[in-house]
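> Please find one structure pasted underneath; my questions will follow.
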Amino acid sequence: MSDELGLATLSEVLDPIALVKHLRGVSRAPWNGHAVEEVRTRVLKHYLGRRCTLDIGLRTSEGWHFLIGKVYRKDRSKVFQMMERVQQVGFGPQDEFSIPQPIAYLSSLRLLLQEKVEGPLADEIFKAGDEHSRAVAAERCGLWLARFHALAPKVGLVSYAKDYLESDSMQRCSQKITKVGGHLADKVARLLKRLEDASSSLSSVEMRPGHGGYRATHVILVPGRTVTIDLDTYDVADPARDVARFVSALRSQALAQLGSIRMLDGAAEVFLNAYLAVGPPDVKKNLCFFEAASCLKRASHSLSRSLPDGQERAEAMLDEGLRVLNGKAR
């Protein structure tokens with residue numbers, strides 16, 4: 001399995017005896033020095049050749065302790081260091097807006113250990129909740145992001161808006177859609193041209209700490225605590241990018257799960273208003289550009305899943321991107 005995933009240390013992490021030996025030196029262990037009597041690991045998600053996320057259960061004389069582990073292909077100790085800095089500036093377990101608490105980074109295993117937070121994901125509420133619960137979830141998501149942009153340290157690579165369309169990921173997304181041909185090829189060409197035109201007039205804004213992949217699947221809603229996970233792609237960027245990605249992900253979720261791209265417009269509006277109420281005022285300047293670009297990426301993702309209606313979803317997301325740039329989104 002580890003060879004297939006390109007993760008040389010995964011087999012050792014999945015070996016209970018080997019893992020226990022490595023855990024003995026963890027100073028922040030929630031099991032407080034008690035001997036680990038049993039280990040259970042379960043793969044939650046893997047990204048081929050990049051990382052694997054695990055649910056790790058450790059039983060001591062005091063009972064079970066559960067963690068989330070991430071095994072990386074390359075050293076990612078900087079993720080752990082960044083999480084430590086973030087939780088120290090107001091995102092600790094006692095704070096209303098927080099992140100999973102970092103426990104340890106075992107460099108020999110390239111394994112990040114962090115708190116396992118139990119609670120529903122925001123996207124589950126957007127899928128099955130009523131309008132009130134969706135609004136509450138959207139507000140909490142908006143406030144978390146605004147606080148993160150305001151307080152988190154500016155660390156990591158700087159992602160400039162002017163380079164966004166030339167990035168490898170955007171190039172791969174547009175090429176994937178173009179290969180389908182027909183209406184999709186025509187629409188992605190139109191959207192790219194509009195994005196290129198828009199990029200030439202982007203406003204200069206203060207760069208902020210970036211989550212890099214902020215969306216409802218990354219937000220856990222616990223009573224009294226809003227927790228955002230997966231900070232692996234942290235960087236420094238225009239804050240509009242994180243805001244736009246959240247909104248475009250909501251549009252995509254509404255299309256896929258609720259039958260209409262407009263079904264979560266109310267939640268999107270609450271999210272934006274909550275963010276704008278306390279976030280940087282200049283976030284609006286480049287928001288349409290980033291939202292339209294995110295729609296293009298979402299269109300590509302719809303094709304990647306090989307779904308029966310994947311092309312229809314992709315076309316709807318391209319149409320949404322064009323609509324945003326036409327100034328009809330708000």
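Chain labels A, B, ... are given in the sequence in which chains occur in the structure tokens; within each chain residues are numbered consecutively from 1, and ligands are likewise numbered from 1 in the order shown.
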With a distance cut-off of 12 Å and only C-alpha atoms, select the neighbouring residues of region 44-52 of chain A, excluding the residue or stretch itself and same-chain residues fewer than 3 positions from it, and output the selection as a PyMOL selection string.
chain A and resi 1-11+13-14+41+55-56+68-76+109-112+230+232
> Can you tell me which residues surround Met82 (chain A) at a distance of at most 10 Å, considering only C-alpha atoms, apart from same-chain residues fewer than 5 positions away, and format the answer as a ChimeraX atom specification?
/A:77,87-88,102,152-156,231-232,234
> Name the residues of region 118-273 of chain A that fall into strand (DSSP E) according to DSSP on the backbone, using the chain letters and numbers of this document, as an NGL selection string.
:A and (158-159 or 208-210 or 219-222 or 225-228 or 235-237)
> I need the residue nearest Lys187 (chain A) from this list: A:Ser174, A:His301, A:Leu143, A:Phe91. Use only C-alpha atoms for the distance.
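Counting only C-alpha atoms, the residue closest to Lys187 (chain A) is A:Ser174.
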> Which neighbours of Gln311 (chain A) fall inside 8 Å, counting only C-alpha atoms, when residues of the same chain fewer than 5 positions from it are skipped, and could you give them as a ChimeraX atom specification?
/A:184,302-303
> Got a sec to tell me which of region 26-124 of chain A DSSP assigns to helix (DSSP H, G or I), as a PyMOL selection string?
chain A and resi 77-88+122-124
> Quick one: residues within 12 Å of Arg147 (chain A), only C-alpha atoms, excluding same-chain residues fewer than 5 positions away - as number ranges by chain?
A: 86, 89-91, 95-99, 140-142, 152-153, 208-211, 226, 228, 239, 274-280
> Taking a cut-off of 9 Å and counting only C-alpha atoms, can you build a table that, for each residue of region 113-226 of chain A near region 248-266 of chain A, reports the nearest atom pair and how far apart they are in Å (one decimal), sorted by chain then residue number, as JSON lines?

```
{"residue": "A:Asp123", "atom": "CA", "partner": "A:Gln253", "partner_atom": "CA", "distance": 8.1}
{"residue": "A:Phe126", "atom": "CA", "partner": "A:Leu264", "partner_atom": "CA", "distance": 7.5}
{"residue": "A:Lys127", "atom": "CA", "partner": "A:Gln257", "partner_atom": "CA", "distance": 6.8}
{"residue": "A:Glu131", "atom": "CA", "partner": "A:Gly266", "partner_atom": "CA", "distance": 8.0}
{"residue": "A:Arg134", "atom": "CA", "partner": "A:Gly266", "partner_atom": "CA", "distance": 8.5}
{"residue": "A:Ala135", "atom": "CA", "partner": "A:Gly266", "partner_atom": "CA", "distance": 7.5}
{"residue": "A:Tyr214", "atom": "CA", "partner": "A:Ala249", "partner_atom": "CA", "distance": 9.0}
{"residue": "A:Arg215", "atom": "CA", "partner": "A:Ala249", "partner_atom": "CA", "distance": 6.3}
{"residue": "A:Ala216", "atom": "CA", "partner": "A:Leu250", "partner_atom": "CA", "distance": 7.6}
```
> Taking only C-alpha atoms into account, name the residue in A:Lys284, A:Arg194, A:His183, A:Arg172 that is nearest to Ser304 (chain A).
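Closest to Ser304 (chain A), using only C-alpha atoms: A:Arg172.
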> Hey, what's within 10 Å of Gln171 (chain A) if we count only C-alpha atoms and toss same-chain stuff fewer than 6 positions away? As a list in words, please?
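Within the cut-off, the hits are Tyr164, Leu165 and Lys297 of chain A.
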> Considering only C-alpha atoms, can you say which of A:Ala138, A:Ala146, A:Ala104, A:Val243 comes closest to Ala267 (chain A)?
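Result for the nearest residue to Ala267 (chain A): A:Ala138.
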> Using only C-alpha atoms, which of A:Leu272, A:Ala316, A:Ala244, A:Ala128 sits nearest Phe290 (chain A)?
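Among the listed residues, the smallest separation from Phe290 (chain A) belongs to A:Ala244.
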> Distance CA of Ala299 (chain A)-CA of Glu206 (chain A), one decimal place?
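Going from CA of Ala299 (chain A) over to CA of Glu206 (chain A) covers 29.1 Å.
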> Counting only C-alpha atoms, figure out which residue out of A:Pro223, A:Pro281, A:Gly213, A:Gly182 gets nearest to Val117 (chain A).
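For Val117 (chain A), the nearest of the given residues is A:Pro223.
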> So which residues touch Gln175 (chain A) within 12 Å, counting only C-alpha atoms, skipping near sequence neighbours fewer than 5 positions away, as a list in words?
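The neighbour list is Asp168, Ser169, Met170, Val180, Gly181, Leu184, Ala185, Val188, Ala189, Leu192, Leu296, Lys297, Ala299, Ser300 and Leu303 of chain A.
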> Write a file of the just-selected residues containing N, CA and C atoms, as a tab-separated table (two decimals), in the first residue's frame.

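Saved file selection_13.tsv follows:
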```tsv
chain	number	residue	atom	x	y	z
A	168	ASP	N	0.32	26.21	-12.60
A	168	ASP	CA	0.20	24.87	-13.17
A	168	ASP	C	-1.20	24.30	-12.99
A	169	SER	N	-1.79	24.53	-11.81
A	169	SER	CA	-3.11	23.95	-11.55
A	169	SER	C	-4.17	24.56	-12.46
A	170	MET	N	-4.11	25.87	-12.68
A	170	MET	CA	-5.08	26.50	-13.56
A	170	MET	C	-4.89	26.05	-15.00
A	180	VAL	N	-12.33	18.19	-23.89
A	180	VAL	CA	-13.68	17.64	-24.06
A	180	VAL	C	-14.29	18.15	-25.37
A	181	GLY	N	-13.94	19.38	-25.75
A	181	GLY	CA	-14.43	19.95	-26.99
A	181	GLY	C	-15.84	20.49	-26.87
A	184	LEU	N	-18.14	23.04	-24.11
A	184	LEU	CA	-17.23	23.26	-22.98
A	184	LEU	C	-15.96	23.96	-23.44
A	185	ALA	N	-15.41	23.53	-24.56
A	185	ALA	CA	-14.19	24.16	-25.06
A	185	ALA	C	-14.44	25.62	-25.40
A	188	VAL	N	-14.91	27.59	-21.99
A	188	VAL	CA	-13.70	27.80	-21.20
A	188	VAL	C	-12.78	28.80	-21.91
A	189	ALA	N	-12.80	28.82	-23.23
A	189	ALA	CA	-12.01	29.81	-23.96
A	189	ALA	C	-12.53	31.22	-23.67
A	192	LEU	N	-11.62	32.13	-20.03
A	192	LEU	CA	-10.21	32.45	-19.90
A	192	LEU	C	-9.89	33.84	-20.45
A	296	LEU	N	-13.97	28.03	-12.73
A	296	LEU	CA	-13.28	27.26	-13.77
A	296	LEU	C	-12.66	26.00	-13.16
A	297	LYS	N	-12.03	26.15	-12.01
A	297	LYS	CA	-11.42	24.99	-11.36
A	297	LYS	C	-12.49	23.98	-10.94
A	299	ALA	N	-15.30	23.50	-12.42
A	299	ALA	CA	-15.75	22.84	-13.65
A	299	ALA	C	-14.83	21.68	-13.99
A	300	SER	N	-13.54	21.90	-13.85
A	300	SER	CA	-12.57	20.83	-14.11
A	300	SER	C	-12.75	19.67	-13.15
A	303	LEU	N	-15.45	17.24	-14.08
A	303	LEU	CA	-15.06	16.28	-15.12
A	303	LEU	C	-14.17	15.18	-14.56
```
